[in-house]
$ cat run.tsv   # TSV, C-alpha atoms
chain	number	residue	atom	x	y	z
H	862	MET	CA	-89.07	-5.32	-31.41
H	863	LYS	CA	-85.90	-5.35	-33.53
H	864	LYS	CA	-84.96	-1.90	-32.27
H	865	ILE	CA	-85.29	-3.05	-28.68
H	866	VAL	CA	-83.06	-6.08	-29.35
H	867	VAL	CA	-80.44	-3.90	-31.03
H	868	LEU	CA	-80.45	-1.42	-28.16
H	869	LEU	CA	-80.09	-4.19	-25.61
H	870	LEU	CA	-77.21	-5.68	-27.59
H	871	VAL	CA	-75.41	-2.33	-27.77
H	872	LEU	CA	-75.96	-1.81	-24.04
H	873	PHE	CA	-74.63	-5.31	-23.26
H	874	VAL	CA	-71.50	-4.76	-25.36
H	875	SER	CA	-70.94	-1.36	-23.72
H	876	ILE	CA	-71.19	-2.82	-20.22
H	877	LEU	CA	-68.95	-5.73	-21.15
H	878	GLY	CA	-66.32	-3.37	-22.56
H	879	PHE	CA	-66.42	-1.15	-19.46
H	880	SER	CA	-65.99	-4.11	-17.13
H	881	GLN	CA	-62.96	-5.53	-18.92
H	882	ASP	CA	-59.90	-5.69	-16.67
H	883	LYS	CA	-56.48	-4.50	-17.76
H	884	LYS	CA	-54.18	-7.50	-17.49
H	885	ILE	CA	-50.46	-6.91	-16.85
H	886	SER	CA	-47.72	-9.47	-16.38
H	887	GLY	CA	-44.00	-9.22	-15.84
H	888	TYR	CA	-41.16	-9.46	-13.34
H	889	PHE	CA	-39.76	-7.51	-10.37
H	890	THR	CA	-35.97	-7.43	-10.67
H	891	THR	CA	-32.89	-6.06	-8.95
H	892	LYS	CA	-29.22	-5.83	-9.83
H	893	GLU	CA	-26.74	-7.75	-7.69
H	894	LEU	CA	-23.04	-8.52	-7.77
H	895	THR	CA	-21.84	-12.09	-8.15
H	896	LYS	CA	-18.87	-13.44	-6.20
H	897	ASN	CA	-16.75	-12.37	-9.15
H	898	TYR	CA	-18.08	-8.79	-8.81
H	899	VAL	CA	-20.08	-8.97	-12.01
H	900	ASP	CA	-23.47	-7.27	-12.25
H	901	THR	CA	-26.31	-9.70	-12.79
H	902	ILE	CA	-30.08	-9.23	-12.96
H	903	VAL	CA	-31.98	-11.22	-10.33
H	904	ASN	CA	-35.72	-11.79	-10.29
H	905	ILE	CA	-37.33	-11.21	-6.89
H	906	LYS	CA	-39.72	-13.96	-5.81
H	907	ASN	CA	-41.47	-12.66	-2.70
H	908	TYR	CA	-43.06	-9.21	-2.95
H	909	ASN	CA	-46.26	-7.18	-2.76
H	910	ILE	CA	-47.80	-5.01	-5.46
H	911	TYR	CA	-49.90	-1.96	-4.60
H	912	LEU	CA	-51.94	0.53	-6.56
H	913	LEU	CA	-51.00	4.15	-5.83
H	914	LYS	CA	-53.19	7.15	-6.55
H	915	ASP	CA	-50.23	9.49	-7.09
H	916	LEU	CA	-46.63	10.01	-6.04
H	917	ASN	CA	-47.62	11.72	-2.82
H	918	PRO	CA	-46.39	9.34	-0.08
H	919	ASP	CA	-49.62	9.89	1.82
H	920	SER	CA	-51.82	8.90	-1.11
H	921	ARG	CA	-54.12	5.98	-0.54
H	922	TYR	CA	-52.87	2.67	-1.86
H	923	LYS	CA	-54.50	-0.67	-2.44
H	924	LYS	CA	-52.68	-4.01	-2.35
H	925	ILE	CA	-53.57	-6.07	-5.39
H	926	LEU	CA	-51.15	-8.97	-5.20
H	927	THR	CA	-48.74	-10.85	-2.96
H	928	SER	CA	-46.46	-12.73	-5.31
H	929	LEU	CA	-44.43	-15.77	-4.29
H	930	ASN	CA	-43.19	-16.39	-7.82
H	931	GLU	CA	-40.72	-14.64	-10.10
H	932	LYS	CA	-43.47	-13.68	-12.53
H	933	PHE	CA	-46.56	-11.69	-11.57
H	934	GLU	CA	-49.92	-11.44	-13.28
H	935	ILE	CA	-52.39	-8.77	-12.18
H	936	SER	CA	-55.74	-7.46	-13.37
H	937	ILE	CA	-56.77	-3.83	-12.93
H	938	SER	CA	-60.39	-2.92	-13.45
H	939	LYS	CA	-61.29	0.15	-15.45
H	940	LYS	CA	-62.76	1.59	-12.28
H	941	ASP	CA	-59.42	1.23	-10.46
H	942	ALA	CA	-57.51	2.44	-13.53
H	943	LYS	CA	-59.41	5.72	-13.27
H	944	LYS	CA	-58.48	6.10	-9.60
H	945	TYR	CA	-54.94	4.74	-9.47
H	946	TYR	CA	-52.08	5.59	-11.81
H	947	TYR	CA	-48.98	3.90	-10.38
H	948	LEU	CA	-47.82	0.47	-9.28
H	949	GLU	CA	-45.61	0.06	-6.23
H	950	PHE	CA	-43.48	-3.08	-5.86
H	951	GLU	CA	-42.20	-3.83	-2.36
H	952	SER	CA	-40.07	-6.67	-1.01
H	953	GLU	CA	-39.56	-6.53	2.75
H	954	ASN	CA	-37.77	-9.90	2.74
H	955	ARG	CA	-34.92	-8.41	0.75
H	956	GLY	CA	-34.34	-5.30	2.82
H	957	ALA	CA	-37.32	-3.19	1.74
H	958	LEU	CA	-36.65	-2.96	-1.99
H	959	TYR	CA	-38.96	-0.65	-3.89
H	960	ALA	CA	-39.86	0.15	-7.47
H	961	ILE	CA	-42.48	2.55	-8.77
H	962	ASN	CA	-43.91	2.46	-12.28
H	963	LYS	CA	-46.76	4.12	-14.08
H	964	ILE	CA	-49.44	1.64	-15.02
H	965	PRO	CA	-48.31	0.81	-18.58
H	966	ASN	CA	-50.39	1.08	-21.72
H	967	ASP	CA	-49.25	-2.34	-22.86
H	968	THR	CA	-49.51	-5.62	-20.95
H	969	ILE	CA	-45.84	-6.27	-20.09
H	970	LEU	CA	-43.92	-4.60	-17.28
H	971	ILE	CA	-40.43	-5.14	-15.89
H	972	ALA	CA	-40.20	-3.32	-12.54
H	973	LYS	CA	-36.59	-2.56	-11.61
H	974	VAL	CA	-35.17	-1.61	-8.22
H	975	GLY	CA	-33.20	1.64	-8.48
H	976	GLU	CA	-35.09	2.90	-11.52
H	977	ASN	CA	-37.93	4.64	-9.71
H	978	LEU	CA	-39.56	7.75	-11.11
H	979	GLY	CA	-36.88	10.35	-10.61
H	980	ASP	CA	-38.34	13.46	-8.93
H	981	TYR	CA	-37.16	12.82	-5.38
H	982	SER	CA	-39.08	15.82	-4.05
H	983	LYS	CA	-42.32	13.85	-4.54
H	984	TYR	CA	-41.15	11.17	-2.13
H	985	LYS	CA	-40.56	10.98	1.58
H	986	ILE	CA	-36.87	10.32	2.14
H	987	MET	CA	-35.65	8.39	5.15
H	988	VAL	CA	-33.52	10.49	7.50
H	989	GLY	CA	-31.45	7.52	8.58
H	990	LYS	CA	-29.78	6.71	11.91
H	991	PRO	CA	-29.07	10.17	13.33
H	992	ALA	CA	-26.94	9.48	16.40
H	993	ILE	CA	-26.52	12.25	18.97
H	994	TYR	CA	-23.44	12.31	21.25
H	995	LEU	CA	-23.13	14.61	24.28
H	996	TYR	CA	-19.82	15.70	25.83
H	997	PRO	CA	-20.27	18.17	28.71
H	998	LYS	CA	-17.22	19.55	30.50
H	999	VAL	CA	-18.56	18.17	33.81
H	1000	LYS	CA	-21.29	15.67	34.63
H	1001	SER	CA	-24.54	17.43	33.75
H	1002	GLU	CA	-28.28	16.94	33.40
H	1003	ILE	CA	-29.21	17.71	29.78
H	1004	SER	CA	-32.55	17.85	27.99
H	1005	ILE	CA	-32.96	17.61	24.22
H	1006	LYS	CA	-35.99	18.19	22.05
H	1007	ASN	CA	-35.96	17.63	18.29
H	1008	ASP	CA	-38.15	19.98	16.29
H	1009	PHE	CA	-38.35	17.76	13.21
H	1010	LYS	CA	-40.51	18.95	10.31
H	1011	GLY	CA	-41.21	15.42	9.11
H	1012	LYS	CA	-42.39	12.30	10.90
H	1013	ILE	CA	-40.19	10.73	13.57
H	1014	MET	CA	-40.44	6.96	13.15
H	1015	ASN	CA	-38.09	5.34	15.68
H	1016	THR	CA	-36.20	6.50	18.76
H	1017	TYR	CA	-33.88	4.80	21.23
H	1018	PRO	CA	-34.17	5.37	24.08
H	1019	SER	CA	-37.84	6.30	23.79
H	1020	TYR	CA	-38.24	10.00	23.00
H	1021	LYS	CA	-41.43	10.80	25.00
H	1022	ASN	CA	-41.55	14.48	24.03
H	1023	GLY	CA	-37.82	14.79	24.55
H	1024	TRP	CA	-34.81	13.14	26.16
H	1025	ASN	CA	-33.55	13.90	29.64
H	1026	VAL	CA	-30.17	12.43	30.51
H	1027	MET	CA	-27.24	12.71	32.87
H	1028	ALA	CA	-24.19	13.03	30.61
H	1029	GLU	CA	-20.59	12.33	31.54
H	1030	PRO	CA	-17.63	14.18	29.94
H	1031	ASN	CA	-16.63	10.89	28.23
H	1032	GLY	CA	-20.00	10.73	26.45
H	1033	VAL	CA	-21.72	8.05	28.55
H	1034	LEU	CA	-25.43	8.90	28.96
H	1035	TYR	CA	-27.73	7.84	31.80
H	1036	ASN	CA	-31.34	8.16	30.66
H	1037	LEU	CA	-33.46	9.49	33.52
H	1038	ASP	CA	-36.64	7.93	32.15
H	1039	ASP	CA	-35.71	4.24	31.93
H	1040	LYS	CA	-32.64	4.34	34.21
H	1041	ARG	CA	-30.42	2.77	31.54
H	1042	THR	CA	-27.03	3.76	30.11
H	1043	TYR	CA	-26.43	4.66	26.45
H	1044	ASN	CA	-23.53	5.74	24.26
H	1045	TYR	CA	-25.71	8.03	22.14
H	1046	LEU	CA	-29.32	8.98	21.40
H	1047	PHE	CA	-30.89	7.53	18.26
H	1048	TRP	CA	-33.77	8.70	16.07
H	1049	ASP	CA	-34.88	8.42	12.47
H	1050	GLY	CA	-37.76	9.76	10.42
H	1051	SER	CA	-39.17	10.57	7.01
H	1052	TYR	CA	-39.44	13.95	5.32
H	1053	ASN	CA	-40.40	15.50	1.98
H	1054	PHE	CA	-37.50	17.73	0.98
H	1055	THR	CA	-38.12	20.31	-1.72
H	1056	LYS	CA	-36.97	19.80	-5.29
H	1057	LYS	CA	-34.33	22.48	-4.69
H	1058	HIS	CA	-32.78	20.28	-1.99
H	1059	TYR	CA	-31.63	17.82	-4.66
H	1060	ASN	CA	-30.13	20.40	-7.02
H	1061	TYR	CA	-26.63	19.61	-5.82
H	1062	GLU	CA	-23.87	21.97	-6.86
H	1063	ASN	CA	-21.02	19.77	-5.66
H	1064	GLY	CA	-20.20	16.46	-4.04
H	1065	PHE	CA	-17.93	13.43	-4.27
H	1066	TYR	CA	-17.79	10.38	-6.53
H	1067	VAL	CA	-16.49	7.41	-4.57
H	1068	LYS	CA	-15.78	3.92	-5.86
H	1069	LYS	CA	-16.68	0.94	-3.72
H	1070	GLU	CA	-13.07	0.03	-2.92
H	1071	ASP	CA	-12.43	3.58	-1.67
H	1072	ASN	CA	-15.43	3.90	0.66
H	1073	ILE	CA	-13.61	3.24	3.93
H	1074	THR	CA	-10.63	5.48	3.20
H	1075	PHE	CA	-12.94	8.24	1.95
H	1076	LEU	CA	-15.18	8.16	5.02
H	1077	GLN	CA	-12.26	8.02	7.46
H	1078	GLU	CA	-10.60	11.00	5.79
H	1079	LYS	CA	-13.67	13.21	5.33
H	1080	LEU	CA	-15.29	12.50	8.69
H	1081	GLU	CA	-12.04	13.21	10.53
H	1082	LEU	CA	-11.70	16.45	8.55
H	1083	LEU	CA	-15.24	17.45	9.53
H	1084	GLY	CA	-14.43	16.92	13.21
H	1085	LEU	CA	-15.69	13.48	14.26
H	1086	ASN	CA	-13.60	11.51	16.74
H	1087	ASN	CA	-12.56	7.87	16.29
H	1088	THR	CA	-15.59	6.39	18.06
H	1089	GLU	CA	-18.03	8.49	16.03
H	1090	ILE	CA	-16.22	7.67	12.79
H	1091	ASN	CA	-16.31	3.94	13.56
H	1092	ASP	CA	-20.02	4.06	14.41
H	1093	PHE	CA	-20.75	5.97	11.20
H	1094	ILE	CA	-18.80	3.58	8.97
H	1095	VAL	CA	-20.20	0.42	10.56
H	1096	TYR	CA	-23.72	1.67	9.86
H	1097	TRP	CA	-23.34	3.17	6.37
H	1098	LEU	CA	-20.64	1.04	4.75
H	1099	PRO	CA	-22.98	-1.89	3.91
H	1100	GLU	CA	-25.36	0.56	2.18
H	1101	LEU	CA	-22.61	2.31	0.23
H	1102	ASN	CA	-21.09	-1.02	-0.79
H	1103	LYS	CA	-24.27	-2.02	-2.61
H	1104	ASN	CA	-23.13	0.22	-5.46
H	1105	GLU	CA	-19.90	0.14	-7.45
H	1106	GLU	CA	-19.71	3.94	-7.28
H	1107	ASN	CA	-21.73	6.51	-5.33
H	1108	PHE	CA	-22.37	10.21	-5.52
H	1109	ILE	CA	-22.05	11.62	-1.98
H	1110	HIS	CA	-22.96	15.03	-0.61
H	1111	PHE	CA	-22.61	16.23	2.98
H	1112	TRP	CA	-24.96	18.67	4.71
H	1113	VAL	CA	-22.94	20.18	7.57
H	1114	ASN	CA	-24.25	22.37	10.41
H	1115	ASP	CA	-27.37	23.42	8.49
H	1116	ASN	CA	-29.99	21.57	10.58
H	1117	ILE	CA	-30.29	18.96	7.79
H	1118	ASP	CA	-31.40	21.64	5.36
H	1119	ASN	CA	-33.56	23.22	8.08
H	1120	SER	CA	-35.68	20.10	8.57
H	1121	SER	CA	-34.51	19.33	12.11
H	1122	ILE	CA	-33.78	21.79	14.92
H	1123	LEU	CA	-32.21	20.49	18.15
H	1124	ASN	CA	-33.26	22.43	21.25
H	1125	ILE	CA	-30.66	21.60	23.91
H	1126	ASN	CA	-30.62	22.79	27.51
H	1127	PRO	CA	-28.06	23.83	28.63
H	1128	LYS	CA	-26.98	25.15	25.25
H	1129	PRO	CA	-23.75	23.59	23.91
H	1130	GLU	CA	-20.77	25.73	23.02
H	1131	THR	CA	-20.08	23.51	20.00
H	1132	LEU	CA	-22.74	21.82	17.87
H	1133	LEU	CA	-21.55	19.63	14.97
H	1134	ARG	CA	-24.22	18.07	12.73
H	1135	ILE	CA	-23.25	15.96	9.70
H	1136	PHE	CA	-25.81	14.47	7.31
H	1137	MET	CA	-24.65	12.40	4.32
H	1138	GLU	CA	-26.85	11.88	1.26
H	1139	PHE	CA	-25.85	9.43	-1.44
H	1140	LYS	CA	-27.11	7.67	-4.55
H	1141	VAL	CA	-25.67	5.34	-7.16
H	1142	TYR	CA	-23.53	7.06	-9.80
H	1143	ASN	CA	-24.76	6.13	-13.27
H	1144	GLY	CA	-22.23	7.97	-15.42
H	1145	GLU	CA	-23.89	11.38	-15.54
H	1146	GLN	CA	-21.74	14.51	-15.79
H	1147	LYS	CA	-19.76	14.97	-12.60
H	1148	LEU	CA	-20.17	18.00	-10.34
H	1149	PRO	CA	-17.29	19.93	-8.72
H	1150	ILE	CA	-15.74	18.49	-5.57
H	1151	GLN	CA	-17.42	19.65	-2.37
H	1152	ALA	CA	-15.25	21.77	-0.08
H	1153	LEU	CA	-15.39	20.69	3.56
H	1154	THR	CA	-14.19	22.55	6.64
H	1155	SER	CA	-13.56	21.38	10.18
H	1156	THR	CA	-15.54	22.42	13.26
H	1157	PRO	CA	-13.22	22.84	16.27
H	1158	ARG	CA	-14.58	21.41	19.53
H	1159	LYS	CA	-14.74	23.83	22.43
H	1160	GLY	CA	-16.54	23.46	25.75
H	1161	PHE	CA	-19.75	21.46	26.00
H	1162	THR	CA	-19.93	19.68	22.61
H	1163	VAL	CA	-22.85	17.96	20.90
H	1164	VAL	CA	-22.23	15.84	17.80
H	1165	GLU	CA	-24.85	14.34	15.51
H	1166	TRP	CA	-24.41	12.29	12.33
H	1167	GLY	CA	-26.94	10.70	10.01
H	1168	GLY	CA	-27.59	10.05	6.36
H	1169	SER	CA	-29.95	8.99	3.63
H	1170	ASN	CA	-29.89	6.79	0.55
H	1171	ILE	CA	-32.01	8.94	-1.77
H	1172	ASP	CA	-32.39	6.06	-4.22
H	1173	GLU	CA	-34.69	4.40	-1.68
H	1174	PRO	CA	-37.67	6.68	-1.00
H	1175	ILE	CA	-40.23	5.87	1.67
H	1176	LEU	CA	-43.66	5.61	0.16
H	1177	LYS	CA	-45.90	4.61	3.04

$ encode --input "run.tsv" --output "structure tokens"
Amino acid sequence: MKKIVVLLLVLFVSILGFSQDKKISGYFTTKELTKNYVDTIVNIKNYNIYLLKDLNPDSRYKKILTSLNEKFEISISKKDAKKYYYLEFESENRGALYAINKIPNDTILIAKVGENLGDYSKYKIMVGKPAIYLYPKVKSEISIKNDFKGKIMNTYPSYKNGWNVMAEPNGVLYNLDDKRTYNYLFWDGSYNFTKKHYNYENGFYVKKEDNITFLQEKLELLGLNNTEINDFIVYWLPELNKNEENFIHFWVNDNIDNSSILNINPKPETLLRIFMEFKVYNGEQKLPIQALTSTPRKGFTVVEWGGSNIDEPILK
């Protein structure tokens, strides 16, 4: 009888130990500038926490908490701890801020925006705001299909297996599908670039106060006109200005590192595609300055610009 009692006690302790949850508490923080342009750490109050199986953006995830307070407290069962290895913190209310952390061995975690796990090739990166401008020599019907290797997320006007427009020489587009007029065609998407994509050999290091002058100078050099430059700056300046200094690299006329092929009929005589990638500069050794060359415009011209903040990967 004593042996049976001892065995039952051992079994009970074993089951109790297995069922114990891992308790973790901490804060989700970001860095912001005060009115006096001083960096300060701010705790985020409204965010979700998910369990991720791995760093593959298509991995299954499980929401474990919606926090309305600065501090979070979560419990992870041993069963979930065997299945999931990372925590994702997401705040849509503050412009889709993300942080990714391995589930820690201890019980305290400070999740910080901008300090995600650093192998960008494991994340989907947002190909942001590509805008396509068409300038035929005479009013022409033009069709465009985008062979994008990733996932197209948004289009305007609606893509519907391609765009078909009547284009004026001044760039005004009449979309044949919805019978509306547009200044350019818009799309964005997400894509897993290879690790090699991020092995930059050159680029630029631009301080916040120099962003406008830098963009005006470099975009004009690359061949954008005033309207295109203004559209580009209006869209990307707020993102660049979040950091005191950025590393910037341009992909020019390379189909966004062969991730996006534009099939245009009739075929343009000049195709200019500019894609800007940037991230916060944290004091690492600087690379050589990137050499840029201009693309002269001749005949029917198509221009596309876009960009990506590679510090903000898309995880879902």

$ closest_residue --input "run.tsv" --among "H:Asn1031, H:Lys963, H:Ile1117, H:Lys924" --to "Lys1010 of chain H" --atoms "all atoms listed in the file"
H:Ile1117

$ closest_residue --input "run.tsv" --among "H:Glu1089, H:Glu1078, H:Glu1165, H:Glu953" --to "Trp1112 of chain H" --atoms "all atoms listed in the file"
H:Glu1165

$ axis_aligned_box --input "run.tsv" --around "segment 1067-1084 of chain H" --padding-each-side "8 Å" --output "lines of an AutoDock Vina configuration file"
center_x = -13.6
center_y = 8.7
center_z = 3.7
size_x = 22.1
size_y = 33.4
size_z = 35.1

$ atom_distance --input "run.tsv" --atom1 "atom CA of Ser1001 of chain H" --atom2 "atom CA of Asn1087 of chain H"
23.2 Å

$ closest_residue --input "run.tsv" --among "H:Arg1134, H:Lys1000, H:Lys1079, H:Lys1147" --to "Glu1062 of chain H" --atoms "all atoms listed in the file"
H:Lys1147

$ atom_distance --input "run.tsv" --atom1 "atom CA of Lys944 of chain H" --atom2 "atom CA of Thr968 of chain H"
18.6 Å

$ residues_around --input "run.tsv" --residues "Lys923 of chain H" --least-positions-apart "3" --cutoff "10 Å" --atoms "only C-alpha atoms" --output "compact mmCIF listing (two decimals) with C-alpha atoms, in the coordinates of the input"
# COMPACT_ATOMS: atom_id res chain seq x y z
CA ILE H 910 -47.80 -5.01 -5.46
CA TYR H 911 -49.90 -1.96 -4.60
CA LEU H 912 -51.94 0.53 -6.56
CA LEU H 913 -51.00 4.15 -5.83
CA LYS H 914 -53.19 7.15 -6.55
CA LEU H 926 -51.15 -8.97 -5.20
CA ASP H 941 -59.42 1.23 -10.46
CA TYR H 945 -54.94 4.74 -9.47
CA LEU H 948 -47.82 0.47 -9.28
CA GLU H 949 -45.61 0.06 -6.23

$ residues_around --input "run.tsv" --residues "Ala972 of chain H" --least-positions-apart "2" --cutoff "7 Å" --atoms "all atoms listed in the file" --output "list in words"
Tyr888, Phe889, Thr890, Ala960, Asn962, Leu970 and Val974 of chain H

$ residues_around --input "run.tsv" --residues "Val1164 of chain H" --least-positions-apart "6" --cutoff "9 Å" --atoms "all atoms listed in the file" --output "ChimeraX atom specification"
/H:992-996,1085,1089,1131-1135

$ closest_residue --input "run.tsv" --among "H:Val1113, H:Ile937, H:Val903, H:Leu929" --to "Lys883 of chain H" --atoms "all atoms listed in the file"
H:Ile937

$ closest_residue --input "run.tsv" --among "H:Phe1108, H:Ile1003, H:Thr1016, H:Ser1169" --to "Pro1127 of chain H" --atoms "all atoms listed in the file"
H:Ile1003

$ atom_distance --input "run.tsv" --atom1 "atom CA of Tyr1061 of chain H" --atom2 "atom CA of His1110 of chain H"
7.8 Å

$ residues_near_point --input "run.tsv" --point "(-45.7, -5.4, -1.8)" --cutoff "7 Å" --atoms "all atoms listed in the file" --output "count of residues only"
8

$ residues_around --input "run.tsv" --residues "Lys1012 of chain H" --least-positions-apart "2" --cutoff "8 Å" --atoms "only C-alpha atoms" --output "PDB file with C-alpha atoms, in the coordinates of the input"
ATOM      1  CA  PHE H1009     -38.350  17.760  13.210  1.00  0.00           C
ATOM      2  CA  LYS H1010     -40.510  18.950  10.310  1.00  0.00           C
ATOM      3  CA  MET H1014     -40.440   6.960  13.150  1.00  0.00           C
ATOM      4  CA  GLY H1050     -37.760   9.760  10.420  1.00  0.00           C
ATOM      5  CA  SER H1051     -39.170  10.570   7.010  1.00  0.00           C
ATOM      6  CA  TYR H1052     -39.440  13.950   5.320  1.00  0.00           C
TER       7      TYR H1052
END

$ closest_residue --input "run.tsv" --among "H:Pro1099, H:Gly1168, H:Pro965, H:Pro991" --to "Asn1072 of chain H" --atoms "all atoms listed in the file"
H:Pro1099
